[in-house]
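Scroll down for the structure; my scribbles are underneath it.
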Amino acid sequence: MSQPKEPQLPESEIPESVARRQLIKSFGWFALASAVPFGVYEWITKSPGAQGIKRPLRKVLEANEQVARTYFSNTHLVPTFSVSEAAKKARVNGYDGLKSPIPDDWQLQIDHPSGSGQPLMLPIDAIKALPKHEMVYEFKCIEGWSQVQHWGGARLSDFLATYKLGTKSGNGPNPDNPADFYKYIGLETPDKGYYVGIDIESAMHPQTLLAYELNGQPITAPHGAPLRLIIPVKYGVKNLKRIGRMFFSDERPRDFWAERGYDYYVGL
Ligand SMILES: Nc1nc2c(c(=O)[nH]1)N[C@H]1C(S)=C(S)[C@@H](COP(=O)(O)O)O[C@H]1N2
Ligand SMILES: [Mo]
C-alpha cells in the first residue's frame, strides 16, 4: 500500500467535533425538508432560476437566513463566481483508480441494496438527459491549494429522484420521510482503486453534481472522464473521479483517505 501523500488535517482546521457537525447537518437538512411539503419541493427543484439556484429555494433560504447560518449548515450554498473568474486550466491531483484506461463499455453501475435484482446500468447519455447545471466555485484540496473552477453536470439529487434511488422503499427521495433514506452513498472507480463514502445530506445538497463537463468541454481523463462527483461542501478527496459503481448503505462505505487517517466527513 502506498503511503499517504496528503498531510494530516491539523486539529486546528477541524472547526467542530465531527459528531456535532453531523448532528447539525442532519438536523438542518431534515428540518428544512420537513418544513417543505414534497409537492412544493418538486416545484422548487423544477422552476427556473439564475445561476443554478432555484428562485423559490433561494427565497426559502433567505427567509431562513438567520436560522440557516447557525443550523442549516448543509443546505447553505457555497459561494459561486462568474465563468470568467474560473481557472482556464484546472489543476490535476490524484490518479488513484485512474491508472488503467477508461473501460470502452463504460456505464454507470448502480447496485440495489440487499442484492435485490440486477444492477442498474446507465450510459452517460442517461445523465446528460437530466437538467444540466453549471457551477463556478472554489474547489478546495486538503493539501492546501484551492482554485475557482467551472463544472457542469446533473444534480445528484435530480438523478436520485429520477431513478428512485437512495431509499429503502424504492420510492423517490422524499424529504418528508427522512427515515426512508439510506445514510450513505458509496462510490468507486471501475477498477476499485479509489472509493469514497458520502453522507446522504451532502449528497442531496443542491450544489452536488454528477459532472461530465469542465470549462464547457467534456471532462478529460485526468479530471475523471466520463463522469465524476463534484461536491462543493467537501474537500477534494471526496470528489471521486471516474465513477464506476454507486451503492447505498446505512453503514459507512469504505473510504480511501479515511482508511489512511483522514476525517471521514472532510466537510467544509
Ligand atoms: N479516482 C480518483 N478521484 C480523486 C482522486 C484520486 O486520486 N482518484 N483524488 C482526489 C483529490 S485528493 C482531489 S484534490 C481531486 C482533484 O481533482 P482534479 O484532479 O480534477 O483537480 O480529486 C479527488 N478525486
Ligand atoms: Mo486533494
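Note on naming: chains are A, B, ... as they come in the C-alpha cells, residues start from 1 per chain, ligands start from 1 in the order shown.
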Could you list the protein, DNA and RNA residues that have any atom within 9 Å of ligand 1, counting only C-alpha atoms and all ligand atoms, and write them as number ranges by chain? A: 6, 90-98, 139-143, 145-147, 188-189, 192-196, 214, 219-220, 222-224, 228-229, 235-243, 256-257
Take the residues from that selection and put them in a file with N, CA and C atoms, as a CSV table (one decimal), in the first residue's frame.
```
chain,number,residue,atom,x,y,z
A,6,GLU,N,-1.1,12.9,1.2
A,6,GLU,CA,-1.6,14.1,1.6
A,6,GLU,C,-1.3,14.3,3.1
A,90,ALA,N,-7.6,23.8,-15.2
A,90,ALA,CA,-7.8,23.3,-13.9
A,90,ALA,C,-6.6,22.5,-13.5
A,91,ARG,N,-6.3,22.6,-12.2
A,91,ARG,CA,-5.2,21.8,-11.7
A,91,ARG,C,-5.6,20.3,-11.6
A,92,VAL,N,-4.7,19.4,-11.8
A,92,VAL,CA,-4.9,17.9,-11.7
A,92,VAL,C,-4.3,17.4,-10.4
A,93,ASN,N,-5.0,16.6,-9.7
A,93,ASN,CA,-4.4,16.0,-8.5
A,93,ASN,C,-5.0,14.6,-8.2
A,94,GLY,N,-4.2,13.6,-8.1
A,94,GLY,CA,-4.6,12.3,-7.6
A,94,GLY,C,-5.0,11.4,-8.8
A,95,TYR,N,-4.3,10.3,-8.9
A,95,TYR,CA,-4.6,9.3,-10.0
A,95,TYR,C,-5.0,8.0,-9.6
A,96,ASP,N,-5.3,7.8,-8.3
A,96,ASP,CA,-5.7,6.5,-7.8
A,96,ASP,C,-7.1,6.1,-8.5
A,97,GLY,N,-7.1,4.9,-9.0
A,97,GLY,CA,-8.3,4.4,-9.7
A,97,GLY,C,-8.3,4.9,-11.2
A,98,LEU,N,-7.3,5.6,-11.6
A,98,LEU,CA,-7.3,6.2,-13.0
A,98,LEU,C,-6.2,5.6,-13.8
A,139,PHE,N,-12.9,25.2,-5.7
A,139,PHE,CA,-12.6,23.8,-5.3
A,139,PHE,C,-11.4,23.8,-4.3
A,140,LYS,N,-11.5,23.0,-3.2
A,140,LYS,CA,-10.5,23.0,-2.2
A,140,LYS,C,-9.9,21.7,-1.9
A,141,CYS,N,-8.6,21.6,-2.0
A,141,CYS,CA,-7.9,20.3,-1.7
A,141,CYS,C,-7.4,20.5,-0.3
A,142,ILE,N,-7.4,19.4,0.4
A,142,ILE,CA,-7.0,19.4,1.8
A,142,ILE,C,-5.4,19.6,1.9
A,143,GLU,N,-4.7,19.4,0.8
A,143,GLU,CA,-3.3,19.7,0.8
A,143,GLU,C,-3.0,21.1,0.8
A,145,TRP,N,-4.2,23.7,-1.5
A,145,TRP,CA,-4.4,24.6,-2.6
A,145,TRP,C,-5.9,24.7,-2.9
A,146,SER,N,-6.4,25.7,-3.5
A,146,SER,CA,-7.7,25.8,-4.0
A,146,SER,C,-7.7,26.6,-5.3
A,147,GLN,N,-8.8,26.4,-6.1
A,147,GLN,CA,-8.9,27.0,-7.4
A,147,GLN,C,-10.4,27.2,-7.8
A,188,GLU,N,-17.2,4.2,-6.3
A,188,GLU,CA,-15.9,3.6,-6.6
A,188,GLU,C,-15.6,3.8,-8.0
A,189,THR,N,-14.3,3.8,-8.3
A,189,THR,CA,-13.8,3.8,-9.7
A,189,THR,C,-14.1,2.4,-10.3
A,192,LYS,N,-11.9,-0.1,-8.9
A,192,LYS,CA,-11.9,0.0,-7.4
A,192,LYS,C,-10.7,0.5,-6.7
A,193,GLY,N,-9.8,1.2,-7.5
A,193,GLY,CA,-8.6,1.7,-6.9
A,193,GLY,C,-8.8,3.0,-6.1
A,194,TYR,N,-10.0,3.6,-6.2
A,194,TYR,CA,-10.3,4.8,-5.3
A,194,TYR,C,-11.8,4.7,-5.0
A,195,TYR,N,-12.1,5.1,-3.8
A,195,TYR,CA,-13.5,4.8,-3.4
A,195,TYR,C,-13.8,5.8,-2.2
A,196,VAL,N,-15.0,6.3,-2.2
A,196,VAL,CA,-15.4,7.2,-1.1
A,196,VAL,C,-16.8,6.9,-0.6
A,214,LEU,N,-16.1,20.2,-17.8
A,214,LEU,CA,-15.2,21.1,-17.1
A,214,LEU,C,-14.9,22.2,-18.2
A,219,ILE,N,-15.2,16.4,-19.7
A,219,ILE,CA,-14.1,16.2,-18.7
A,219,ILE,C,-13.1,15.3,-19.4
A,220,THR,N,-11.8,15.7,-19.2
A,220,THR,CA,-10.7,14.9,-19.7
A,220,THR,C,-10.4,13.7,-18.7
A,222,PRO,N,-7.7,12.8,-17.0
A,222,PRO,CA,-7.1,13.0,-15.6
A,222,PRO,C,-8.1,13.7,-14.6
A,223,HIS,N,-9.1,14.4,-15.2
A,223,HIS,CA,-10.1,15.0,-14.3
A,223,HIS,C,-11.3,14.2,-14.0
A,224,GLY,N,-11.3,12.9,-14.6
A,224,GLY,CA,-12.3,12.0,-14.1
A,224,GLY,C,-13.3,11.6,-15.2
A,228,ARG,N,-17.7,12.3,-13.0
A,228,ARG,CA,-17.1,12.4,-11.6
A,228,ARG,C,-18.1,13.0,-10.7
A,229,LEU,N,-17.8,13.0,-9.4
A,229,LEU,CA,-18.6,13.7,-8.4
A,229,LEU,C,-17.9,15.1,-8.2
A,235,TYR,N,-14.1,18.7,0.9
A,235,TYR,CA,-12.8,18.8,0.3
A,235,TYR,C,-12.6,17.9,-0.9
A,236,GLY,N,-11.6,18.2,-1.7
A,236,GLY,CA,-11.3,17.4,-3.0
A,236,GLY,C,-11.3,15.9,-2.8
A,237,VAL,N,-10.8,15.4,-1.8
A,237,VAL,CA,-10.7,13.9,-1.6
A,237,VAL,C,-12.0,13.2,-1.8
A,238,LYS,N,-13.2,13.8,-1.5
A,238,LYS,CA,-14.5,13.2,-1.7
A,238,LYS,C,-15.0,13.3,-3.1
A,239,ASN,N,-14.3,14.1,-3.9
A,239,ASN,CA,-14.8,14.4,-5.3
A,239,ASN,C,-14.3,13.4,-6.3
A,240,LEU,N,-14.8,12.1,-6.1
A,240,LEU,CA,-14.3,11.0,-6.8
A,240,LEU,C,-14.4,11.2,-8.4
A,241,LYS,N,-13.2,10.9,-9.0
A,241,LYS,CA,-13.1,11.0,-10.4
A,241,LYS,C,-13.4,9.6,-11.0
A,242,ARG,N,-13.9,9.6,-12.2
A,242,ARG,CA,-14.3,8.3,-13.0
A,242,ARG,C,-15.1,7.4,-12.1
A,243,ILE,N,-16.4,7.7,-11.9
A,243,ILE,CA,-17.3,6.9,-11.2
A,243,ILE,C,-17.6,5.6,-12.0
A,256,PHE,N,-11.2,5.7,0.8
A,256,PHE,CA,-9.8,5.6,0.5
A,256,PHE,C,-9.0,6.4,1.5
A,257,TRP,N,-9.3,7.7,1.7
A,257,TRP,CA,-8.5,8.6,2.6
A,257,TRP,C,-8.8,8.4,4.1
```
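Of all the residues in segment 205-267 of chain A, the ones DSSP labels as helix (DSSP H, G or I) from the backbone are Ala221, Pro222, His223, Gly236, Val237 and Lys238 of chain A.
Note that atom CA of Ile231 of chain A and atom CA of Leu209 of chain A are 6.4 Å apart.
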Between atom CA of Ala154 of chain A and atom CA of Leu122 of chain A, what distance in Å does the model show, to one decimal?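 Atom-to-atom, atom CA of Ala154 of chain A and atom CA of Leu122 of chain A are spaced 13.9 Å apart.
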Mind giving me the straight-line distance from atom CA of Tyr212 of chain A to atom CA of Gly186 of chain A in Å, one decimal?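 Taking atom CA of Tyr212 of chain A as the start and atom CA of Gly186 of chain A as the end point, the length is 18.8 Å.
Using only C-alpha atoms and all ligand atoms for every distance, the candidate list A:Pro253, A:Gly267, A:Gly216, A:Gly144 yields A:Gly144 as the residue closest to ligand 2.
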